[in-house]
Amino acid sequence: QVQLVESGGGLVQAGESLRLSCAASVRIFGIAAMGWYRQAPGKQRELVAVIIIGGNTNYADSVKGRFTISRDNAKNAVYLQMNSLKPDDTAVYYCNIKVIGFEYWGQGTQVTVSS
């Protein structure tokens, strides 16, 4: 059974950085995209960043220039480098891996940014 294991969340002050990591417990074949979503209290889950099979990336407007998504295909891992964090970035961050016809989710990791 595939599990996505996330790490790297925590409590930081505004302006600081965090790096989130997500690795699959087993090899996943046919990956179409890997990404990060987040959900703040009382809000819907939203896309933060995604990297597709060809290597192209897409970011939410609110994180462009501050966050960078990367991946390690050999490890089925995806990372999110978050710089210049803001209190509005406070949320539970979820890793997502899409294959054709299905998607996997991590359990979520809390990121809290204090002002």
# chains A, B, ... in the order shown; residues from 1 in each chain; ligands from 1
$ select_by_dssp --residues "stretch 24-102 of chain A" --states "strand (DSSP E or B)" --output "ChimeraX atom specification"
/A:24,31-39,46-52,57-59,67-72,77-82,91-99,102
$ select_by_dssp --residues "stretch 50-96 of chain A" --states "helix (DSSP H, G or I)" --output "number ranges by chain"
A: 61-63, 73-75, 87-89
$ write_last_selection --atoms "N, CA and C atoms" --output "tab-separated table (two decimals), in the first residue's frame"
chain	number	residue	atom	x	y	z
A	61	ASP	N	-0.32	32.14	-7.16
A	61	ASP	CA	0.19	33.52	-7.25
A	61	ASP	C	0.74	34.00	-5.91
A	62	SER	N	0.13	33.55	-4.84
A	62	SER	CA	0.51	34.03	-3.51
A	62	SER	C	1.89	33.55	-3.06
A	63	VAL	N	2.44	32.54	-3.73
A	63	VAL	CA	3.74	32.01	-3.30
A	63	VAL	C	4.82	32.17	-4.36
A	73	ASN	N	13.18	11.92	-8.70
A	73	ASN	CA	12.44	10.82	-9.33
A	73	ASN	C	12.87	9.46	-8.80
A	74	ALA	N	14.13	9.32	-8.52
A	74	ALA	CA	14.64	8.02	-8.05
A	74	ALA	C	14.04	7.64	-6.71
A	75	LYS	N	13.74	8.65	-5.92
A	75	LYS	CA	13.20	8.40	-4.58
A	75	LYS	C	11.69	8.58	-4.52
A	87	PRO	N	2.53	35.09	7.75
A	87	PRO	CA	1.46	34.50	8.56
A	87	PRO	C	0.34	33.88	7.71
A	88	ASP	N	0.08	34.45	6.54
A	88	ASP	CA	-0.95	33.90	5.64
A	88	ASP	C	-0.58	32.53	5.08
A	89	ASP	N	0.67	32.13	5.24
A	89	ASP	CA	1.09	30.80	4.79
A	89	ASP	C	0.75	29.72	5.81
$ closest_atom_pairs --of "stretch 45-75 of chain A" --to "stretch 96-110 of chain A" --cutoff "12 Å" --atoms "only C-alpha atoms" --output "JSON lines"
{"residue": "A:Arg45", "atom": "CA", "partner": "A:Gly108", "partner_atom": "CA", "distance": 11.4}
{"residue": "A:Glu46", "atom": "CA", "partner": "A:Asn96", "partner_atom": "CA", "distance": 11.7}
{"residue": "A:Leu47", "atom": "CA", "partner": "A:Asn96", "partner_atom": "CA", "distance": 9.8}
{"residue": "A:Val48", "atom": "CA", "partner": "A:Asn96", "partner_atom": "CA", "distance": 10.8}
{"residue": "A:Ala49", "atom": "CA", "partner": "A:Asn96", "partner_atom": "CA", "distance": 10.1}
{"residue": "A:Val50", "atom": "CA", "partner": "A:Asn96", "partner_atom": "CA", "distance": 8.8}
{"residue": "A:Ile51", "atom": "CA", "partner": "A:Ile97", "partner_atom": "CA", "distance": 9.8}
{"residue": "A:Ile52", "atom": "CA", "partner": "A:Lys98", "partner_atom": "CA", "distance": 9.2}
{"residue": "A:Ile53", "atom": "CA", "partner": "A:Lys98", "partner_atom": "CA", "distance": 10.0}
{"residue": "A:Arg71", "atom": "CA", "partner": "A:Ile97", "partner_atom": "CA", "distance": 11.2}
{"residue": "A:Asn73", "atom": "CA", "partner": "A:Ile97", "partner_atom": "CA", "distance": 11.9}
$ residues_around --residues "stretch 18-27 of chain A" --least-positions-apart "4" --cutoff "6 Å" --atoms "only C-alpha atoms" --output "mmCIF file with N, CA, C and O atoms, in the first residue's frame"
data_model
loop_
_atom_site.group_PDB
_atom_site.id
_atom_site.type_symbol
_atom_site.label_atom_id
_atom_site.label_comp_id
_atom_site.auth_asym_id
_atom_site.auth_seq_id
_atom_site.Cartn_x
_atom_site.Cartn_y
_atom_site.Cartn_z
ATOM 1 N N VAL A 2 0.542 2.176 -0.838
ATOM 2 C CA VAL A 2 1.339 3.387 -0.964
ATOM 3 C C VAL A 2 1.012 4.348 0.160
ATOM 4 O O VAL A 2 -0.156 4.621 0.436
ATOM 5 N N GLN A 3 2.053 4.859 0.787
ATOM 6 C CA GLN A 3 1.894 5.925 1.769
ATOM 7 C C GLN A 3 2.848 7.047 1.407
ATOM 8 O O GLN A 3 3.985 6.804 0.991
ATOM 9 N N LEU A 4 2.377 8.263 1.568
ATOM 10 C CA LEU A 4 3.231 9.434 1.376
ATOM 11 C C LEU A 4 3.566 9.980 2.752
ATOM 12 O O LEU A 4 2.663 10.330 3.513
ATOM 13 N N VAL A 5 4.843 10.051 3.037
ATOM 14 C CA VAL A 5 5.305 10.477 4.355
ATOM 15 C C VAL A 5 5.899 11.870 4.232
ATOM 16 O O VAL A 5 6.877 12.073 3.502
ATOM 17 N N GLU A 6 5.301 12.794 4.958
ATOM 18 C CA GLU A 6 5.725 14.190 4.907
ATOM 19 C C GLU A 6 6.527 14.539 6.146
ATOM 20 O O GLU A 6 6.327 13.979 7.219
ATOM 21 N N SER A 7 7.381 15.520 5.993
ATOM 22 C CA SER A 7 8.139 16.031 7.127
ATOM 23 C C SER A 7 8.562 17.459 6.835
ATOM 24 O O SER A 7 8.500 17.912 5.688
ATOM 25 N N GLY A 8 8.980 18.163 7.872
ATOM 26 C CA GLY A 8 9.540 19.489 7.692
ATOM 27 C C GLY A 8 8.684 20.637 8.164
ATOM 28 O O GLY A 8 9.128 21.788 8.148
ATOM 29 N N ASN A 76 11.077 8.917 -5.657
ATOM 30 C CA ASN A 76 9.652 9.255 -5.620
ATOM 31 C C ASN A 76 9.382 10.285 -4.525
ATOM 32 O O ASN A 76 8.460 10.139 -3.710
ATOM 33 N N ALA A 77 10.199 11.310 -4.499
ATOM 34 C CA ALA A 77 10.107 12.322 -3.462
ATOM 35 C C ALA A 77 9.872 13.689 -4.086
ATOM 36 O O ALA A 77 10.311 13.967 -5.200
ATOM 37 N N VAL A 78 9.189 14.529 -3.333
ATOM 38 C CA VAL A 78 8.946 15.900 -3.773
ATOM 39 C C VAL A 78 9.199 16.816 -2.579
ATOM 40 O O VAL A 78 8.944 16.444 -1.435
ATOM 41 N N TYR A 79 9.730 18.007 -2.879
ATOM 42 C CA TYR A 79 10.131 18.933 -1.835
ATOM 43 C C TYR A 79 9.511 20.300 -2.093
ATOM 44 O O TYR A 79 9.194 20.651 -3.238
ATOM 45 N N LEU A 80 9.370 21.069 -1.032
ATOM 46 C CA LEU A 80 8.884 22.432 -1.156
ATOM 47 C C LEU A 80 9.747 23.324 -0.282
ATOM 48 O O LEU A 80 9.685 23.232 0.954
ATOM 49 N N GLN A 81 10.564 24.139 -0.915
ATOM 50 C CA GLN A 81 11.369 25.118 -0.192
ATOM 51 C C GLN A 81 10.541 26.377 -0.053
ATOM 52 O O GLN A 81 10.114 26.959 -1.060
ATOM 53 N N MET A 82 10.321 26.784 1.184
ATOM 54 C CA MET A 82 9.471 27.947 1.448
ATOM 55 C C MET A 82 10.311 29.027 2.108
ATOM 56 O O MET A 82 10.801 28.834 3.227
#
$ closest_residue --among "A:Tyr94, A:Lys43, A:Ser84, A:Ile69" --to "A:Val113" --atoms "only C-alpha atoms"
A:Ser84
$ closest_residue --among "A:Gly55, A:Leu11, A:Ser115, A:Ala60" --to "A:Arg38" --atoms "only C-alpha atoms"
A:Ala60
$ closest_residue --among "A:Gly35, A:Gly15, A:Gly54, A:Gly30" --to "A:Ser70" --atoms "only C-alpha atoms"
A:Gly35
$ residues_around --residues "A:Val111" --least-positions-apart "4" --cutoff "7 Å" --atoms "only C-alpha atoms" --output "PyMOL selection string"
chain A and resi 9-11+90-93
$ write_last_selection --atoms "C-alpha atoms" --output "PDB file, in the first residue's frame"
ATOM      1  CA  GLY A   9       6.621  21.446   9.052  1.00  0.00           C
ATOM      2  CA  GLY A  10       6.846  23.537  12.180  1.00  0.00           C
ATOM      3  CA  LEU A  11       6.510  26.901  13.838  1.00  0.00           C
ATOM      4  CA  THR A  90      -0.117  29.159   7.993  1.00  0.00           C
ATOM      5  CA  ALA A  91      -1.925  25.952   7.040  1.00  0.00           C
ATOM      6  CA  VAL A  92      -1.713  22.197   6.912  1.00  0.00           C
ATOM      7  CA  TYR A  93       0.359  21.270   3.874  1.00  0.00           C
TER       8      TYR A  93
END
$ atom_distance --atom1 "atom CA of A:Ala40" --atom2 "atom CA of A:Thr57"
22.7 Å
$ atom_distance --atom1 "atom CA of A:Val12" --atom2 "atom CA of A:Ser114"
6.3 Å
$ decode --residues "stretch 13-103 of chain A" --atoms "C-alpha atoms" --output "PDB file, in the first residue's frame"
ATOM      1  CA  GLN A  13       8.531  33.538  12.516  1.00  0.00           C
ATOM      2  CA  ALA A  14       7.599  35.681   9.556  1.00  0.00           C
ATOM      3  CA  GLY A  15      10.471  35.979   7.115  1.00  0.00           C
ATOM      4  CA  GLU A  16      12.001  32.629   7.984  1.00  0.00           C
ATOM      5  CA  SER A  17      12.209  29.499   5.846  1.00  0.00           C
ATOM      6  CA  LEU A  18      11.084  25.892   5.951  1.00  0.00           C
ATOM      7  CA  ARG A  19      11.631  22.931   3.667  1.00  0.00           C
ATOM      8  CA  LEU A  20       8.939  20.313   3.353  1.00  0.00           C
ATOM      9  CA  SER A  21       9.721  16.811   2.172  1.00  0.00           C
ATOM     10  CA  CYS A  22       7.461  14.036   0.962  1.00  0.00           C
ATOM     11  CA  ALA A  23       8.512  10.527   0.039  1.00  0.00           C
ATOM     12  CA  ALA A  24       6.495   7.547  -1.110  1.00  0.00           C
ATOM     13  CA  SER A  25       6.799   4.348   0.893  1.00  0.00           C
ATOM     14  CA  VAL A  26       7.059   2.275  -2.275  1.00  0.00           C
ATOM     15  CA  ARG A  27       7.965   2.959  -5.866  1.00  0.00           C
ATOM     16  CA  ILE A  28       5.130   4.596  -7.814  1.00  0.00           C
ATOM     17  CA  PHE A  29       4.982   4.062 -11.549  1.00  0.00           C
ATOM     18  CA  GLY A  30       3.342   6.318 -14.064  1.00  0.00           C
ATOM     19  CA  ILE A  31       3.576   9.534 -12.091  1.00  0.00           C
ATOM     20  CA  ALA A  32       1.967  12.411 -13.975  1.00  0.00           C
ATOM     21  CA  ALA A  33       2.455  15.155 -11.419  1.00  0.00           C
ATOM     22  CA  MET A  34       3.694  15.798  -7.891  1.00  0.00           C
ATOM     23  CA  GLY A  35       2.580  18.716  -5.841  1.00  0.00           C
ATOM     24  CA  TRP A  36       1.768  20.439  -2.609  1.00  0.00           C
ATOM     25  CA  TYR A  37      -1.592  21.711  -1.432  1.00  0.00           C
ATOM     26  CA  ARG A  38      -2.523  23.530   1.734  1.00  0.00           C
ATOM     27  CA  GLN A  39      -5.611  24.076   3.817  1.00  0.00           C
ATOM     28  CA  ALA A  40      -5.992  26.868   6.327  1.00  0.00           C
ATOM     29  CA  PRO A  41      -8.683  26.783   9.022  1.00  0.00           C
ATOM     30  CA  GLY A  42     -12.071  27.578   7.551  1.00  0.00           C
ATOM     31  CA  LYS A  43     -10.769  27.574   3.993  1.00  0.00           C
ATOM     32  CA  GLN A  44     -10.782  25.142   1.115  1.00  0.00           C
ATOM     33  CA  ARG A  45      -7.729  23.162   0.196  1.00  0.00           C
ATOM     34  CA  GLU A  46      -5.745  24.998  -2.454  1.00  0.00           C
ATOM     35  CA  LEU A  47      -2.906  24.189  -4.797  1.00  0.00           C
ATOM     36  CA  VAL A  48       0.423  25.648  -3.717  1.00  0.00           C
ATOM     37  CA  ALA A  49       2.811  24.237  -6.297  1.00  0.00           C
ATOM     38  CA  VAL A  50       2.985  21.390  -8.782  1.00  0.00           C
ATOM     39  CA  ILE A  51       5.675  19.840 -10.942  1.00  0.00           C
ATOM     40  CA  ILE A  52       4.537  17.767 -13.876  1.00  0.00           C
ATOM     41  CA  ILE A  53       6.204  14.842 -15.582  1.00  0.00           C
ATOM     42  CA  GLY A  54       8.081  16.990 -18.062  1.00  0.00           C
ATOM     43  CA  GLY A  55       9.528  19.157 -15.319  1.00  0.00           C
ATOM     44  CA  ASN A  56       7.348  22.222 -15.767  1.00  0.00           C
ATOM     45  CA  THR A  57       6.183  23.867 -12.580  1.00  0.00           C
ATOM     46  CA  ASN A  58       3.190  25.929 -11.588  1.00  0.00           C
ATOM     47  CA  TYR A  59       2.692  28.019  -8.460  1.00  0.00           C
ATOM     48  CA  ALA A  60      -0.139  29.786  -6.715  1.00  0.00           C
ATOM     49  CA  ASP A  61       0.187  33.522  -7.249  1.00  0.00           C
ATOM     50  CA  SER A  62       0.509  34.029  -3.510  1.00  0.00           C
ATOM     51  CA  VAL A  63       3.740  32.011  -3.304  1.00  0.00           C
ATOM     52  CA  LYS A  64       5.455  32.860  -6.582  1.00  0.00           C
ATOM     53  CA  GLY A  65       8.995  34.030  -6.008  1.00  0.00           C
ATOM     54  CA  ARG A  66       9.049  32.657  -2.457  1.00  0.00           C
ATOM     55  CA  PHE A  67       8.416  28.911  -2.799  1.00  0.00           C
ATOM     56  CA  THR A  68      10.247  26.405  -4.957  1.00  0.00           C
ATOM     57  CA  ILE A  69       9.093  22.888  -5.725  1.00  0.00           C
ATOM     58  CA  SER A  70      11.543  20.162  -6.700  1.00  0.00           C
ATOM     59  CA  ARG A  71      11.564  16.399  -6.988  1.00  0.00           C
ATOM     60  CA  ASP A  72      13.786  13.360  -6.869  1.00  0.00           C
ATOM     61  CA  ASN A  73      12.444  10.819  -9.332  1.00  0.00           C
ATOM     62  CA  ALA A  74      14.641   8.023  -8.054  1.00  0.00           C
ATOM     63  CA  LYS A  75      13.205   8.402  -4.576  1.00  0.00           C
ATOM     64  CA  ASN A  76       9.652   9.255  -5.620  1.00  0.00           C
ATOM     65  CA  ALA A  77      10.107  12.322  -3.462  1.00  0.00           C
ATOM     66  CA  VAL A  78       8.946  15.900  -3.773  1.00  0.00           C
ATOM     67  CA  TYR A  79      10.131  18.933  -1.835  1.00  0.00           C
ATOM     68  CA  LEU A  80       8.884  22.432  -1.156  1.00  0.00           C
ATOM     69  CA  GLN A  81      11.369  25.118  -0.192  1.00  0.00           C
ATOM     70  CA  MET A  82       9.471  27.947   1.448  1.00  0.00           C
ATOM     71  CA  ASN A  83      11.255  31.255   1.938  1.00  0.00           C
ATOM     72  CA  SER A  84      10.091  34.599   3.269  1.00  0.00           C
ATOM     73  CA  LEU A  85       7.202  32.943   5.042  1.00  0.00           C
ATOM     74  CA  LYS A  86       4.190  35.027   5.973  1.00  0.00           C
ATOM     75  CA  PRO A  87       1.457  34.496   8.563  1.00  0.00           C
ATOM     76  CA  ASP A  88      -0.948  33.895   5.643  1.00  0.00           C
ATOM     77  CA  ASP A  89       1.094  30.801   4.788  1.00  0.00           C
ATOM     78  CA  THR A  90      -0.117  29.159   7.993  1.00  0.00           C
ATOM     79  CA  ALA A  91      -1.925  25.952   7.040  1.00  0.00           C
ATOM     80  CA  VAL A  92      -1.713  22.197   6.912  1.00  0.00           C
ATOM     81  CA  TYR A  93       0.359  21.270   3.874  1.00  0.00           C
ATOM     82  CA  TYR A  94      -0.429  18.096   1.954  1.00  0.00           C
ATOM     83  CA  CYS A  95       1.724  16.239  -0.504  1.00  0.00           C
ATOM     84  CA  ASN A  96      -0.027  14.908  -3.620  1.00  0.00           C
ATOM     85  CA  ILE A  97       1.103  12.486  -6.316  1.00  0.00           C
ATOM     86  CA  LYS A  98      -1.051  11.950  -9.363  1.00  0.00           C
ATOM     87  CA  VAL A  99      -1.008   8.961 -11.663  1.00  0.00           C
ATOM     88  CA  ILE A 100      -3.477   8.394 -14.464  1.00  0.00           C
ATOM     89  CA  GLY A 101      -6.863   7.746 -12.893  1.00  0.00           C
ATOM     90  CA  PHE A 102      -5.764   8.057  -9.269  1.00  0.00           C
ATOM     91  CA  GLU A 103      -3.988  10.252  -6.772  1.00  0.00           C
TER      92      GLU A 103
END
